[in-house]
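Q: Dumping the structure here so I can ask a few things about it.
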Amino acid sequence: MADMLEYPAELYRSKNKPTYVESIDLVTEKDITFFDRNGYLAIQKVFDHHEISVAKSEIQRLISGDSNDFDGIQYENPNTTSDNMKNVRKIMGFVNHSPHLYKMANNPTLIDLIIRLSHNSSPILFQDMALLKGPGGREKPWHQDAAYFDLPIDTVVIGVWIALDPATEENGCLHIIPKTHKKGPAEHFQIRDWQLCDTEILAGLDVAVPLEPGGCLLWHGLLHHGSPKNKTQETRQALQYHYRPKSCKQTSADERLKHFGGSVRGATC
C-alpha cells in the first residue's frame, strides 16, 4: 500500500521549538495575533485529568462495540477486524455516540477561542476524529487540511488536536511549519497519502509540538503539518476536531481539486 511506504527521515528534523500558552484561560490578544501570523497556537492546558480519562474510556467503549450503531472505525491494517486498540488507526463521527466527547468538542471556552482565532462569530463542528497511533503506527504525511474539505477556498477552517496521552517526538506528535498558511493552497498528490510533495517541504523550518494530556494544538486549515511514525511500543491517542463558519456552504471535489489537485493541475511530484 502507498501509505505504508517509508519516508525520508529529514522530513521531520524538528530543530525549532514551539511557543506555548500555559492555559486556555490565559490566551491574550497578543496570542491571537501570534496565531494570525504563524497559523498555530499551542496551549499546555485545556482539559483536566478527569476529562481526558473519561475521553479515553469513551474511545475504548466505542472500539469495543458497546455502541451498536457506531461503525466509524478505521484499522491500521485494512484487513484487520480485531477490536484490539493497538490495531485501530482512527475512529470518526463519534460525537453523537458519546455525550462526553460531544461536550469536549463544544466546550464553551474552546468555542470562544475558535471564534477569536477564526474571526467568525458562529463556528460549527463539522468533523470529529480520534487518532490512535499505535506501536509502529505510520506517518501522516505533510498536508493542508483544507485539501481534504469540499469548502469554498477562502473558508477559514480551524483544526483542534487534543492530546490524550503524552505526545512526543518519538511517538508521533504533530509537526508544523509556521506561516505556511499564508502561502495559500498547494498541490497535493496521492503518494503515501493525500499529501504535499516531499521535495516542497520546508523541513528546516519544521516545529515539533509535544503535548502532555489535556494540552491542545490549534491551527489554520492551510497550515502545513504532519506526523511521523510512532517509534515506541505505546499507543499515542488524540482527539481532533475541525470547525468552519456556520454560513459556509459545501462545494464539490472538482472545485477543491482545481486548487489542491496536483496531478489535476498538471503538476508533477
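We name chains A, B, ... following the order of the C-alpha cells; residues begin at 1 in each chain, and ligands are numbered from 1 as shown.
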I'd like the neighbourhood of Gln250 of chain A as a PyMOL selection string, where a residue qualifies if any of its atoms comes within 12 Å (using only C-alpha atoms), though same-chain residues fewer than 6 positions away should be ignored.
A: chain A and resi 126+149-153+155+244+256
Q: Quick one: residues within 7 Å of segment 93-103 of chain A, only C-alpha atoms counted, chain neighbours fewer than 5 positions away excluded, as a list of chain:residue names?
A: A:Ala55, A:Glu58, A:Gly72, A:Asp128, A:Met129
Q: Hey, what does DSSP flag as helix (DSSP H, G or I) within segment 123-251 of chain A? Can you give it to me as a list of chain:residue names?
A: A:Asp145, A:Ala146, A:Ala147, A:Tyr148, A:Thr180, A:His181, A:Lys182, A:Lys183, A:Asp198, A:Thr199, A:Glu200, A:Ala203, A:Gly204, A:Leu205
Q: So which one's closest to Ile73 of chain A, A:Ile32, A:Ala42, A:Leu132, A:Leu113? Using only C-alpha atoms, please.
A: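 For Ile73 of chain A, the nearest of the given residues is A:Leu132.
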Q: Could you tell me, as a ChimeraX atom specification, which residues of segment 31-237 of chain A DSSP assigns to strand (DSSP E) when given the backbone?
A: /A:40-45,73-75,88-92,123-133,140-143,158-163,175-177,188-190,194-196,207-208,216-220,224-227,236-237
Q: Can you work out which one of A:Ser64, A:Gln195, A:Gln233, A:Gln44 has the shortest atom-to-atom distance to Ser263 of chain A, counting only C-alpha atoms?
A: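 Checking each of A:Ser64, A:Gln195, A:Gln233, A:Gln44 against Ser263 of chain A, counting only C-alpha atoms, the winner is A:Gln195.
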Q: Measure the distance from atom CA of Val207 of chain A to atom CA of Ile115 of chain A in Å and round it to one decimal.
A: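 That distance, rounded to one decimal, is 25.0 Å.
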Q: Give me, as a tab-separated table, the closest atom pair and its distance (Å, one decimal) for every residue of segment 100-158 of chain A within a cut-off of 9 Å of segment 8-29 of chain A, counting only C-alpha atoms, rows sorted by chain and rising number.
A:
```
residue	atom	partner	partner_atom	distance
A:Thr109	CA	A:Ile24	CA	7.6
A:Leu110	CA	A:Ile24	CA	7.7
A:Leu113	CA	A:Ile24	CA	8.1
A:Arg116	CA	A:Glu29	CA	8.8
A:Trp142	CA	A:Leu11	CA	8.6
```
Q: Can you measure atom CA of Glu200 of chain A to atom CA of Cys216 of chain A for me? One decimal in Å is fine.
A: 27.1 Å
Q: To one decimal place in Å, what is the distance between atom CA of Asp48 of chain A and atom CA of Pro228 of chain A?
A: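 A separation of 26.6 Å between them.
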Q: Considering only C-alpha atoms, can you say which of A:Gly266, A:Pro213, A:Gly137, A:Pro123 comes closest to Ala163 of chain A?
A: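 Checking each of A:Gly266, A:Pro213, A:Gly137, A:Pro123 against Ala163 of chain A, counting only C-alpha atoms, the winner is A:Pro213.
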Q: So which one's closest to Leu217 of chain A, A:Cys269, A:Cys173, A:Ile111, A:Cys248? Using only C-alpha atoms, please.
A: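 Going through A:Cys269, A:Cys173, A:Ile111, A:Cys248 one by one, the smallest distance to Leu217 of chain A is for A:Cys173.
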Q: Tell me which protein, DNA and RNA residues are within 9 Å of Lys56 of chain A, counting only C-alpha atoms, leaving out same-chain ones fewer than 3 positions away, and put them as an mmCIF file with N, CA and C atoms, in the first residue's frame.
A:
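Result went into out_15.cif, see below:
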```cif
data_model
loop_
_atom_site.group_PDB
_atom_site.id
_atom_site.type_symbol
_atom_site.label_atom_id
_atom_site.label_comp_id
_atom_site.auth_asym_id
_atom_site.auth_seq_id
_atom_site.Cartn_x
_atom_site.Cartn_y
_atom_site.Cartn_z
ATOM 1 N N GLU A 51 -11.394 14.862 32.578
ATOM 2 C CA GLU A 51 -11.969 14.938 31.228
ATOM 3 C C GLU A 51 -11.201 14.055 30.253
ATOM 4 N N ILE A 52 -9.883 14.043 30.379
ATOM 5 C CA ILE A 52 -9.063 13.225 29.488
ATOM 6 C C ILE A 52 -9.261 11.742 29.782
ATOM 7 N N SER A 53 -9.318 11.385 31.058
ATOM 8 C CA SER A 53 -9.506 9.987 31.443
ATOM 9 C C SER A 53 -10.833 9.445 30.912
ATOM 10 N N ILE A 59 -13.444 6.280 24.092
ATOM 11 C CA ILE A 59 -12.867 5.749 22.856
ATOM 12 C C ILE A 59 -12.801 4.230 22.917
ATOM 13 N N GLN A 60 -12.350 3.706 24.040
ATOM 14 C CA GLN A 60 -12.274 2.256 24.188
ATOM 15 C C GLN A 60 -13.660 1.622 24.123
ATOM 16 N N ARG A 61 -14.657 2.292 24.711
ATOM 17 C CA ARG A 61 -16.026 1.774 24.674
ATOM 18 C C ARG A 61 -16.535 1.685 23.236
ATOM 19 N N LEU A 164 -4.426 13.032 24.375
ATOM 20 C CA LEU A 164 -4.988 12.170 25.417
ATOM 21 C C LEU A 164 -3.888 11.384 26.127
ATOM 22 N N ASP A 165 -2.783 11.180 25.451
ATOM 23 C CA ASP A 165 -1.566 10.597 26.016
ATOM 24 C C ASP A 165 -0.445 11.610 25.806
ATOM 25 N N GLN A 237 -2.689 8.512 21.659
ATOM 26 C CA GLN A 237 -4.075 8.836 21.363
ATOM 27 C C GLN A 237 -4.294 10.348 21.382
ATOM 28 N N ALA A 238 -5.166 10.798 20.493
ATOM 29 C CA ALA A 238 -5.515 12.218 20.449
ATOM 30 C C ALA A 238 -6.912 12.369 19.866
#
```
Q: For His224 of chain A, which residue among A:Pro141, A:Pro135, A:Gly261, A:Pro210 is the nearest when counting only C-alpha atoms?
A: A:Pro141
